[in-house]
$ cat coords_36.tsv   # TSV, C-alpha atoms
chain	number	residue	atom	x	y	z
A	1	MET	CA	209.16	89.49	127.02
A	2	ARG	CA	209.31	85.96	128.33
A	3	LEU	CA	206.04	84.24	127.42
A	4	SER	CA	206.69	80.74	128.68
A	5	VAL	CA	207.44	79.44	132.14
A	6	ALA	CA	211.07	78.40	132.53
A	7	ALA	CA	211.43	74.66	132.12
A	8	ALA	CA	212.94	74.02	135.55
A	9	ILE	CA	210.23	75.72	137.65
A	10	SER	CA	207.35	73.49	138.75
A	11	HIS	CA	205.56	75.38	141.51
A	12	GLY	CA	202.83	73.35	143.13
A	13	ARG	CA	203.09	70.28	140.88
A	14	VAL	CA	202.39	67.13	142.88
A	15	TYR	CA	202.86	64.36	140.33
A	16	ARG	CA	206.30	63.24	139.19
A	17	ARG	CA	206.96	62.66	135.49
A	18	LEU	CA	207.56	58.93	135.13
A	19	GLY	CA	207.25	56.66	132.11
A	20	PHE	CA	206.01	57.79	128.71
A	21	GLY	CA	203.57	60.61	129.39
A	22	PRO	CA	200.65	60.58	131.86
A	23	ARG	CA	199.32	57.31	130.49
A	24	GLY	CA	202.73	55.69	130.76
A	25	ARG	CA	203.08	56.97	134.30
A	26	LEU	CA	199.79	55.38	135.33
A	27	ASP	CA	200.71	52.11	133.58
A	28	LEU	CA	204.03	52.00	135.41
A	29	LEU	CA	202.39	52.65	138.77
A	30	ARG	CA	199.73	50.10	137.96
A	31	ASN	CA	202.36	47.42	137.41
A	32	LEU	CA	204.04	48.34	140.67
A	33	VAL	CA	200.75	48.25	142.60
A	34	THR	CA	199.98	44.82	141.13
A	35	ALA	CA	203.41	43.58	142.15
A	36	LEU	CA	202.97	44.98	145.66
A	37	VAL	CA	199.62	43.27	146.09
A	38	ARG	CA	201.09	39.99	144.81
A	39	HIS	CA	204.37	39.92	146.75
A	40	GLU	CA	203.57	42.38	149.59
A	41	ARG	CA	207.16	43.67	149.56
A	42	ILE	CA	208.97	45.08	146.54
A	43	GLU	CA	212.22	46.88	145.86
A	44	THR	CA	212.05	49.77	143.38
A	45	PRO	CA	213.56	53.22	142.86
A	46	TRP	CA	212.49	55.55	145.65
A	47	ALA	CA	210.64	58.00	143.41
A	48	ARG	CA	208.44	55.26	141.94
A	49	ALA	CA	207.75	53.79	145.37
A	50	ASP	CA	206.78	57.21	146.71
A	51	GLU	CA	204.36	57.83	143.84
A	52	MET	CA	202.94	54.36	144.17
A	53	ARG	CA	202.35	54.63	147.90
A	54	GLY	CA	199.46	57.07	147.59
A	55	TYR	CA	197.74	54.97	144.95
A	56	ALA	CA	198.18	51.72	146.92
A	57	GLU	CA	196.67	53.23	150.06
A	58	ARG	CA	193.74	54.71	148.19
A	59	LEU	CA	193.16	51.37	146.49
A	60	ILE	CA	192.94	49.68	149.89
A	61	ASP	CA	190.51	52.40	151.02
A	62	TYR	CA	188.34	51.58	148.02
A	63	ALA	CA	188.65	47.85	148.78
A	64	LYS	CA	187.44	48.50	152.33
A	65	ARG	CA	184.13	49.62	150.85
A	66	GLY	CA	183.45	46.00	149.95
A	67	ASP	CA	183.29	44.11	146.68
A	68	THR	CA	179.60	44.76	146.19
A	69	ASP	CA	180.44	48.41	145.52
A	70	GLU	CA	180.45	48.97	141.76
A	71	ARG	CA	183.01	51.75	141.83
A	72	ALA	CA	185.41	49.79	144.05
A	73	MET	CA	185.26	46.81	141.70
A	74	ARG	CA	185.99	48.98	138.64
A	75	MET	CA	188.95	50.60	140.37
A	76	ALA	CA	190.33	47.24	141.42
A	77	ASN	CA	189.81	45.91	137.91
A	78	PHE	CA	191.78	48.79	136.44
A	79	TRP	CA	194.59	48.87	138.97
A	80	LEU	CA	195.29	45.14	139.25
A	81	THR	CA	196.36	43.73	135.91
A	82	GLU	CA	196.42	40.15	137.24
A	83	LYS	CA	192.79	39.39	137.92
A	84	ASP	CA	193.33	36.75	140.62
A	85	LEU	CA	194.70	39.51	142.83
A	86	ILE	CA	191.31	41.25	142.92
A	87	HIS	CA	190.08	38.36	145.04
A	88	LYS	CA	193.13	38.66	147.30
A	89	LEU	CA	192.59	42.40	147.65
A	90	PHE	CA	188.98	42.16	148.73
A	91	LYS	CA	189.15	38.96	150.77
A	92	VAL	CA	192.60	39.16	152.43
A	93	LEU	CA	193.92	42.72	152.45
A	94	ALA	CA	190.68	44.59	153.14
A	95	PRO	CA	189.86	42.63	156.36
A	96	ARG	CA	193.50	42.86	157.45
A	97	PHE	CA	193.45	46.65	157.30
A	98	GLN	CA	189.87	47.16	158.44
A	99	PRO	CA	190.82	48.24	162.01
A	100	HIS	CA	193.46	50.71	160.79
A	101	PRO	CA	192.30	54.17	159.63
A	102	GLY	CA	195.20	54.84	157.24
A	103	SER	CA	198.88	54.30	156.34
A	104	TYR	CA	198.94	50.67	155.27
A	105	THR	CA	202.42	50.76	153.75
A	106	ARG	CA	205.96	51.22	154.97
A	107	LEU	CA	208.63	52.86	152.85
A	108	LEU	CA	212.30	52.29	153.76
A	109	GLN	CA	215.36	53.47	151.92
A	110	ILE	CA	218.07	51.03	150.79
A	111	PRO	CA	221.68	51.53	149.64
A	112	ASN	CA	221.86	52.74	146.05
A	113	ARG	CA	221.52	50.33	143.15
A	114	ASP	CA	224.69	48.49	142.10
A	115	GLU	CA	224.33	49.36	138.43
A	116	LEU	CA	225.74	52.34	136.55
A	117	ASP	CA	222.80	54.64	137.42
A	118	ARG	CA	223.31	54.32	141.25
A	119	ALA	CA	219.60	54.97	141.68
A	120	LYS	CA	218.13	55.73	145.10
A	121	MET	CA	216.28	52.52	145.93
A	122	ALA	CA	213.56	51.81	148.44
A	123	VAL	CA	211.58	48.90	149.75
A	124	ILE	CA	207.84	49.35	150.05
A	125	GLU	CA	205.84	46.77	151.96
A	126	LEU	CA	202.34	46.31	153.25
A	127	LYS	CA	202.14	46.29	157.02
A	128	GLY	CA	201.25	42.96	158.62
A	129	ASN	CA	202.82	40.91	155.84
A	130	PRO	CA	203.91	37.31	156.56
A	131	LEU	CA	207.55	37.89	155.52
A	132	PRO	CA	210.32	38.30	158.16
A	133	PRO	CA	210.53	41.91	159.41
A	134	LEU	CA	212.98	44.32	157.80
A	135	ILE	CA	213.85	46.27	160.94
A	136	ARG	CA	214.47	44.50	164.19
A	137	PRO	CA	213.92	46.97	167.01
A	138	ARG	CA	216.96	46.43	169.22
A	139	ARG	CA	216.71	47.11	172.89
A	140	ASP	CA	219.65	48.80	174.54
A	141	SER	CA	222.23	46.47	176.06
A	142	GLU	CA	222.08	45.83	179.81
A	143	LYS	CA	225.70	46.84	180.35
A	144	THR	CA	225.26	50.62	179.75
A	145	LEU	CA	225.66	52.85	182.80
A	146	LEU	CA	222.14	54.22	182.69
A	147	ASN	CA	220.59	50.76	182.41
A	148	GLN	CA	222.71	49.47	185.31
A	149	LEU	CA	221.64	52.39	187.52
A	150	LEU	CA	217.99	51.86	186.58
A	151	LYS	CA	218.33	48.14	187.30
A	152	GLY	CA	219.78	48.93	190.73
A	153	TYR	CA	216.95	51.37	191.47
A	154	ARG	CA	214.35	48.78	190.46
A	155	GLU	CA	215.95	46.19	192.78
A	156	ASP	CA	216.03	48.71	195.67
A	157	LEU	CA	212.31	49.36	195.23
A	158	GLN	CA	211.59	45.62	195.22
A	159	ARG	CA	213.63	45.11	198.41
A	160	ALA	CA	211.80	48.00	200.08
A	161	ALA	CA	208.39	46.70	198.96
A	162	ALA	CA	209.09	43.00	199.87
A	163	PRO	CA	208.78	43.06	203.75
B	164	CYS	CA	123.49	61.07	174.85
B	165	ARG	CA	124.97	58.25	172.88
B	166	ALA	CA	122.60	55.93	171.08
B	167	SER	CA	125.22	53.43	169.99
B	168	GLY	CA	126.89	52.82	173.31
B	169	ASP	CA	129.38	50.03	173.97
B	170	GLY	CA	129.20	47.82	176.95
B	171	LYS	CA	132.72	48.85	178.04
B	172	SER	CA	133.33	52.17	179.77
B	173	GLU	CA	134.21	54.59	177.01
B	174	LYS	CA	137.00	56.96	177.72
B	175	PHE	CA	137.03	60.11	175.73
B	176	GLN	CA	139.31	59.48	172.74
B	177	PRO	CA	140.69	62.79	171.55
B	178	PRO	CA	140.68	63.20	167.78
B	179	PRO	CA	144.07	62.39	166.10
B	180	LYS	CA	146.37	65.37	165.98
B	181	PRO	CA	146.67	66.91	162.51
B	182	VAL	CA	150.09	66.16	161.02
B	183	ILE	CA	151.69	69.47	160.06
B	184	ILE	CA	154.42	68.93	157.50
B	185	ASP	CA	156.79	71.68	158.48
B	186	LYS	CA	158.25	72.97	155.21
B	187	GLN	CA	161.04	74.74	157.03
B	188	LYS	CA	162.24	71.51	158.55
B	189	GLN	CA	162.22	69.86	155.14
B	190	ARG	CA	164.20	72.74	153.73
B	191	ALA	CA	166.72	72.44	156.52
B	192	GLU	CA	167.09	68.73	155.79
B	193	ARG	CA	168.09	69.54	152.23
B	194	ARG	CA	171.50	70.94	152.86
B	195	PHE	CA	173.03	73.32	150.42
B	196	LEU	CA	176.50	74.60	151.13
B	197	SER	CA	177.56	77.29	148.68
B	198	PRO	CA	180.60	75.99	146.78
B	199	GLU	CA	182.79	78.97	147.66
B	200	PHE	CA	182.91	77.85	151.30
B	201	ILE	CA	184.74	74.65	150.47
B	202	PRO	CA	188.50	75.33	150.61
B	203	PRO	CA	190.51	74.08	147.62
B	204	ARG	CA	193.24	71.46	147.93
B	205	GLY	CA	196.58	73.05	148.51
B	206	ARG	CA	199.28	73.98	150.93
B	207	THR	CA	197.80	77.24	152.21
B	208	ASP	CA	197.17	77.77	155.90
B	209	PRO	CA	193.58	76.86	156.84
B	210	LEU	CA	193.57	79.99	159.01
B	211	LYS	CA	193.22	82.08	155.87
B	212	TYR	CA	190.06	80.19	154.86
B	213	TYR	CA	188.73	80.38	158.42
B	214	MET	CA	189.07	84.15	158.48
B	215	GLU	CA	187.48	84.43	155.04
B	216	ARG	CA	184.59	82.27	156.18
B	217	LYS	CA	184.01	84.51	159.20
B	218	ASP	CA	183.80	87.54	156.93
B	219	MET	CA	181.52	85.70	154.50
B	220	ILE	CA	179.15	84.74	157.33
B	221	GLN	CA	179.18	88.36	158.52
B	222	ARG	CA	178.20	89.57	155.06
B	223	ARG	CA	175.49	86.92	154.73
B	224	LYS	CA	173.88	88.04	157.97
B	225	VAL	CA	173.45	91.53	156.56
B	226	PHE	CA	172.62	90.62	152.97
B	227	ASN	CA	170.73	87.55	151.85
B	228	ILE	CA	172.52	85.53	149.16
B	229	PRO	CA	170.00	82.97	147.89
B	230	GLU	CA	170.82	79.44	146.96
B	231	PHE	CA	171.46	79.21	143.23
B	232	TYR	CA	173.18	76.93	140.77
B	233	VAL	CA	174.53	77.27	137.26
B	234	GLY	CA	171.56	77.61	134.92
B	235	HIS	CA	169.39	79.78	137.16
B	236	VAL	CA	168.13	83.08	135.87
B	237	LEU	CA	169.06	85.84	138.30
B	238	ALA	CA	168.42	89.56	138.56
B	239	VAL	CA	171.20	91.52	140.26
B	240	THR	CA	170.95	95.18	141.33
B	241	THR	CA	174.31	96.87	141.90
B	242	ALA	CA	175.15	100.37	143.05
B	243	ASP	CA	176.34	102.43	140.09
B	244	PRO	CA	177.42	106.06	140.57
B	245	TYR	CA	176.80	106.96	136.93
B	246	ALA	CA	173.31	105.53	136.48
B	247	ASN	CA	170.01	107.41	136.88
B	248	ASN	CA	168.83	105.99	140.16
B	249	LYS	CA	172.37	105.22	141.31
B	250	SER	CA	171.52	101.51	140.84
B	251	ASN	CA	171.73	99.18	137.89
B	252	ARG	CA	169.66	96.02	137.35
B	253	PHE	CA	170.86	93.16	135.16
B	254	VAL	CA	169.02	89.94	134.41
B	255	GLY	CA	170.81	86.91	133.05
B	256	ILE	CA	171.45	83.20	133.20
B	257	CYS	CA	174.27	82.11	135.45
B	258	ILE	CA	176.92	80.48	133.28
B	259	GLN	CA	179.60	79.66	135.79
B	260	ARG	CA	180.46	80.07	139.43
B	261	GLY	CA	184.12	80.46	140.18
B	262	GLY	CA	186.51	81.40	142.91
B	263	LYS	CA	186.63	80.40	146.54
B	264	GLY	CA	186.27	82.49	149.66
B	265	LEU	CA	185.46	86.17	149.48
B	266	GLY	CA	186.44	86.44	145.83
B	267	ALA	CA	183.71	84.09	144.68
B	268	THR	CA	182.21	85.24	141.37
B	269	PHE	CA	179.38	84.29	139.09
B	270	VAL	CA	178.92	85.23	135.46
B	271	LEU	CA	175.51	86.23	134.15
B	272	ARG	CA	174.80	86.17	130.43
B	273	ASN	CA	172.00	87.78	128.46
B	274	VAL	CA	171.44	88.97	124.92
B	275	ILE	CA	170.28	92.61	124.83
B	276	GLU	CA	169.34	94.11	121.46
B	277	ASP	CA	171.14	91.35	119.56
B	278	GLN	CA	174.35	91.89	121.53
B	279	GLY	CA	175.49	89.18	123.91
B	280	VAL	CA	176.47	90.60	127.29
B	281	GLU	CA	178.23	88.76	130.09
B	282	ILE	CA	178.86	90.37	133.44
B	283	CYS	CA	180.98	88.79	136.15
B	284	TYR	CA	179.75	89.73	139.63
B	285	GLU	CA	181.45	89.10	142.94
B	286	LEU	CA	179.06	87.50	145.42
B	287	TYR	CA	180.42	89.34	148.44
B	288	SER	CA	180.97	92.72	146.86
B	289	PRO	CA	179.40	95.54	148.89
B	290	ARG	CA	178.21	97.17	145.65
B	291	ILE	CA	175.59	94.48	145.15
B	292	GLN	CA	172.28	95.59	146.60
B	293	ALA	CA	169.99	92.68	145.77
B	294	ILE	CA	170.09	89.24	144.16
B	295	GLU	CA	166.78	87.68	143.13
B	296	VAL	CA	166.34	84.25	141.68
B	297	LEU	CA	163.86	84.55	138.82
B	298	LYS	CA	163.89	81.00	137.55
B	299	LEU	CA	165.13	77.94	139.39
B	300	GLU	CA	166.46	75.30	137.11
B	301	LYS	CA	169.66	73.34	137.01
B	302	ARG	CA	171.21	72.29	133.75
B	303	LEU	CA	173.09	69.18	132.77
B	304	ASP	CA	176.52	70.85	133.05
B	305	ASP	CA	178.41	72.88	135.60
B	306	ASN	CA	179.71	75.34	133.06
B	307	LEU	CA	177.50	76.84	130.40
B	308	MET	CA	180.24	78.70	128.53
B	309	TYR	CA	179.09	76.98	125.33
B	310	LEU	CA	176.11	79.33	125.25
B	311	ARG	CA	178.47	81.79	123.58
B	312	ASP	CA	178.54	79.54	120.54
B	313	ALA	CA	174.91	78.52	120.75
B	314	LEU	CA	172.08	80.21	118.89
B	315	PRO	CA	171.21	83.51	120.62
B	316	GLU	CA	167.67	82.39	121.44
B	317	TYR	CA	169.05	80.17	124.21
B	318	SER	CA	170.65	83.10	126.01
B	319	THR	CA	167.91	85.71	125.69
B	320	PHE	CA	165.86	86.38	128.77
B	321	ASP	CA	163.29	89.08	129.24
B	322	VAL	CA	164.61	91.89	131.40
B	323	ASN	CA	161.24	92.43	133.05
B	324	MET	CA	160.67	88.75	133.70
B	325	LYS	CA	158.49	87.94	136.70
B	326	PRO	CA	159.97	85.52	139.21
B	327	VAL	CA	158.65	82.02	138.63
B	328	SER	CA	157.50	80.79	142.02
B	329	ARG	CA	158.47	77.27	142.95
B	330	LEU	CA	157.04	75.99	146.17
B	331	ASP	CA	158.72	72.61	145.98
B	332	HIS	CA	161.20	72.78	148.77
B	333	GLU	CA	162.40	69.33	147.87
B	334	GLU	CA	164.54	69.44	144.74
B	335	VAL	CA	165.73	71.88	142.17
B	336	PRO	CA	164.41	70.72	138.77
B	337	VAL	CA	166.99	69.76	136.15
B	338	ASN	CA	166.34	71.07	132.67
B	339	GLU	CA	167.60	68.53	130.14
B	340	LEU	CA	167.62	70.97	127.30
B	341	GLN	CA	169.93	70.12	124.40
B	342	VAL	CA	171.20	73.35	122.95
B	343	ARG	CA	171.70	73.83	119.21
B	344	MET	CA	174.89	75.52	118.15
B	345	LYS	CA	175.90	78.02	115.55
B	346	PRO	CA	178.04	76.62	112.73
B	347	LYS	CA	181.69	75.99	113.54
B	348	PRO	CA	184.26	77.57	114.29
B	349	TRP	CA	183.45	77.83	118.00
B	350	SER	CA	185.45	79.58	120.69
B	351	LYS	CA	186.40	76.22	122.16
B	352	ARG	CA	186.14	72.72	120.71
B	353	TRP	CA	183.17	71.72	122.80
B	354	GLU	CA	182.88	68.27	121.23
B	355	ARG	CA	186.13	67.15	122.89
B	356	PRO	CA	185.71	64.84	125.91
B	357	LYS	CA	187.83	67.12	128.10
B	358	TYR	CA	184.86	69.49	128.51
B	359	ASN	CA	182.43	66.63	129.12
B	360	ILE	CA	179.39	68.56	127.95
B	361	LYS	CA	176.06	66.84	127.94
B	362	GLY	CA	173.82	69.75	127.11
B	363	ILE	CA	174.64	70.27	123.42
B	364	LYS	CA	172.93	68.63	120.50
B	365	PHE	CA	175.90	67.96	118.27
B	366	GLU	CA	174.89	68.04	114.64
B	367	LEU	CA	178.41	67.19	113.48
B	368	PRO	CA	179.16	64.21	111.23
B	369	GLU	CA	180.19	60.94	112.91
B	370	SER	CA	183.75	61.25	111.60
B	371	LYS	CA	184.25	64.53	113.50
B	372	MET	CA	182.87	63.04	116.71
B	373	LYS	CA	185.17	60.04	116.39
B	374	GLU	CA	188.12	62.30	115.74
B	375	ALA	CA	187.29	64.27	118.86
B	376	GLN	CA	187.36	61.05	120.90
B	377	LYS	CA	191.06	60.72	120.05
B	378	TRP	CA	191.72	63.32	122.75
B	379	SER	CA	189.90	61.35	125.41
B	380	GLN	CA	191.93	60.27	128.43
B	381	PRO	CA	190.19	57.17	129.80
B	382	TRP	CA	192.79	56.73	132.53
B	383	LEU	CA	191.85	60.03	134.18
B	384	GLU	CA	188.76	58.66	135.91
B	385	PHE	CA	190.89	55.95	137.55
B	386	ASP	CA	193.55	58.37	138.77
B	387	MET	CA	192.72	58.13	142.45
B	388	LEU	CA	194.96	60.91	143.71
B	389	ARG	CA	193.04	63.50	141.69
B	390	GLU	CA	189.86	62.89	143.64
B	391	TYR	CA	189.07	65.43	146.32
B	392	ASP	CA	186.67	64.01	148.86
B	393	THR	CA	184.91	66.94	150.47
B	394	SER	CA	182.20	65.20	152.49
B	395	LYS	CA	183.89	65.50	155.90
B	396	ILE	CA	185.11	69.02	155.24
B	397	GLU	CA	181.61	69.98	154.13
B	398	GLU	CA	180.10	68.62	157.33
B	399	LYS	CA	182.41	70.72	159.50
B	400	ILE	CA	181.94	73.84	157.45
B	401	TRP	CA	178.16	73.34	157.35
B	402	LYS	CA	178.04	73.26	161.16
B	403	GLU	CA	180.31	76.27	161.40
B	404	VAL	CA	178.27	78.30	158.92
B	405	ASN	CA	174.97	77.40	160.57
B	406	GLU	CA	176.20	78.34	164.00
B	407	GLY	CA	177.60	81.58	162.64
B	408	LEU	CA	174.34	82.49	160.92
B	409	LYS	CA	172.19	81.69	163.95
B	410	LYS	CA	174.01	84.07	166.27
$ encode --input "coords_36.tsv" --output "structure tokens"
Amino acid sequence: MRLSVAAAISHGRVYRRLGFGPRGRLDLLRNLVTALVRHERIETPWARADEMRGYAERLIDYAKRGDTDERAMRMANFWLTEKDLIHKLFKVLAPRFQPHPGSYTRLLQIPNRDELDRAKMAVIELKGNPLPPLIRPRRDSEKTLLNQLLKGYREDLQRAAAP
Amino acid sequence: CRASGDGKSEKFQPPPKPVIIDKQKQRAERRFLSPEFIPPRGRTDPLKYYMERKDMIQRRKVFNIPEFYVGHVLAVTTADPYANNKSNRFVGICIQRGGKGLGATFVLRNVIEDQGVEICYELYSPRIQAIEVLKLEKRLDDNLMYLRDALPEYSTFDVNMKPVSRLDHEEVPVNELQVRMKPKPWSKRWERPKYNIKGIKFELPESKMKEAQKWSQPWLEFDMLREYDTSKIEEKIWKEVNEGLKK
């Protein structure tokens, strides 16, 4: 009679096991959140960035409540280890994200790490940051067949509308 | 004829209308949504909870389930084929309310002839014929399982108790009773911070209390992803339930 659940099955578990136990996991994510708030774009293993994303967005939701809110201040005090970032969170990031209802971060995958572990890396950044953009949306070139036909159609319409 | 007449033309001033404080309106303002309506966090299809809610509303239209919390003293009559009058009445204090949807249960505890008895009833079971609230009072905790290890006087309630009438439609009173316990060993280590019990008067030495604090997890209250904010869901379900009950 098998009394224990097999070690590999984890039905319905949402939290990944990072760091040294649940406290270590929260400490790790806390450091990452602090770094994200300081630099607004960081490069970490994908699993850590994914875990951290939820916490960062909830922290900004708390910050949107305002710094007079006791609970929001305690959360910010716990999550940001460098205390000058609390000011940045409430005075810079909260107004920046006030018009948006959710999803304040962008997570993009990167080629694997160069070291022996070949870890799956990702870049997580806050939207609206002052750094140069990571993805440049490229418009299709004018020389493709479809674009040339569309250009011709547009010019025909203009010629018909002109007189 | 008026002896004290003013110079100005006096129009008839009707007397001020008496202000009737409608108790029903005040009761409606205090919203209570039974906790089994709120769906738990998970990956199940919300259709399942919607269908369960429809059935729950249907049952509530036929049978009145009163508003009650943990710590209330209730009397429940169930249909029993082997009893004298085919029905069975049990009085007890509600220790815990569990389950969501149609399987919602509540456990009533009483001490009858020096024997502690706990019965777990399903709220929406068709065998239940009546639920009466005998005493309205909330306690400091959501889960009174520690009454098993408390002195039996805290769990005894008279079977023929008369319902205590409370006409305050405003708030349910909170009883800040600190319960005294039997000597250790207990069924669970209630002094540990994981249970977060406020309603026990711990008569343990300071060393034991400090040792229990070793198991505290202070980071848990800051773990934001564990919070489940139900305010918006409650609003929607409240409207749905009210509309269903009005029809």
$ interface_residues --input "coords_36.tsv" --of "chain A" --to "chain B" --cutoff "9 Å" --atoms "only C-alpha atoms" --output "VMD selection string"
chain A and resid 12 22 to 23 26 54 to 55 58 to 59 74 to 75 78 to 79
$ atom_distance --input "coords_36.tsv" --atom1 "atom CA of Leu150 of chain A" --atom2 "atom CA of Ile135 of chain A"
26.6 Å
$ atom_distance --input "coords_36.tsv" --atom1 "atom CA of Pro181 of chain B" --atom2 "atom CA of Arg329 of chain B"
25.1 Å
$ residues_around --input "coords_36.tsv" --residues "Asp312 of chain B" --least-positions-apart "4" --cutoff "8 Å" --atoms "all atoms listed in the file" --output "CSV table (one decimal) with C-alpha atoms, keeping the file's coordinate frame"
chain,number,residue,atom,x,y,z
B,344,MET,CA,174.9,75.5,118.2
B,345,LYS,CA,175.9,78.0,115.6
B,349,TRP,CA,183.4,77.8,118.0
B,350,SER,CA,185.4,79.6,120.7
$ atom_distance --input "coords_36.tsv" --atom1 "atom CA of Lys364 of chain B" --atom2 "atom CA of Arg71 of chain A"
29.0 Å
$ residues_near_point --input "coords_36.tsv" --point "(188.4, 70.0, 119.7)" --cutoff "12 Å" --atoms "all atoms listed in the file" --output "MDAnalysis selection string"
chainID B and resid 347:359 371:379
$ residues_around --input "coords_36.tsv" --residues "Gly261 of chain B" --least-positions-apart "3" --cutoff "10 Å" --atoms "all atoms listed in the file" --output "PyMOL selection string"
chain B and resi 198-199+258+264+266-270+283+285+306
$ closest_residue --input "coords_36.tsv" --among "B:Ala313, B:Val280, B:Val335, B:Ile201" --to "Glu215 of chain B" --atoms "all atoms listed in the file"
B:Ile201
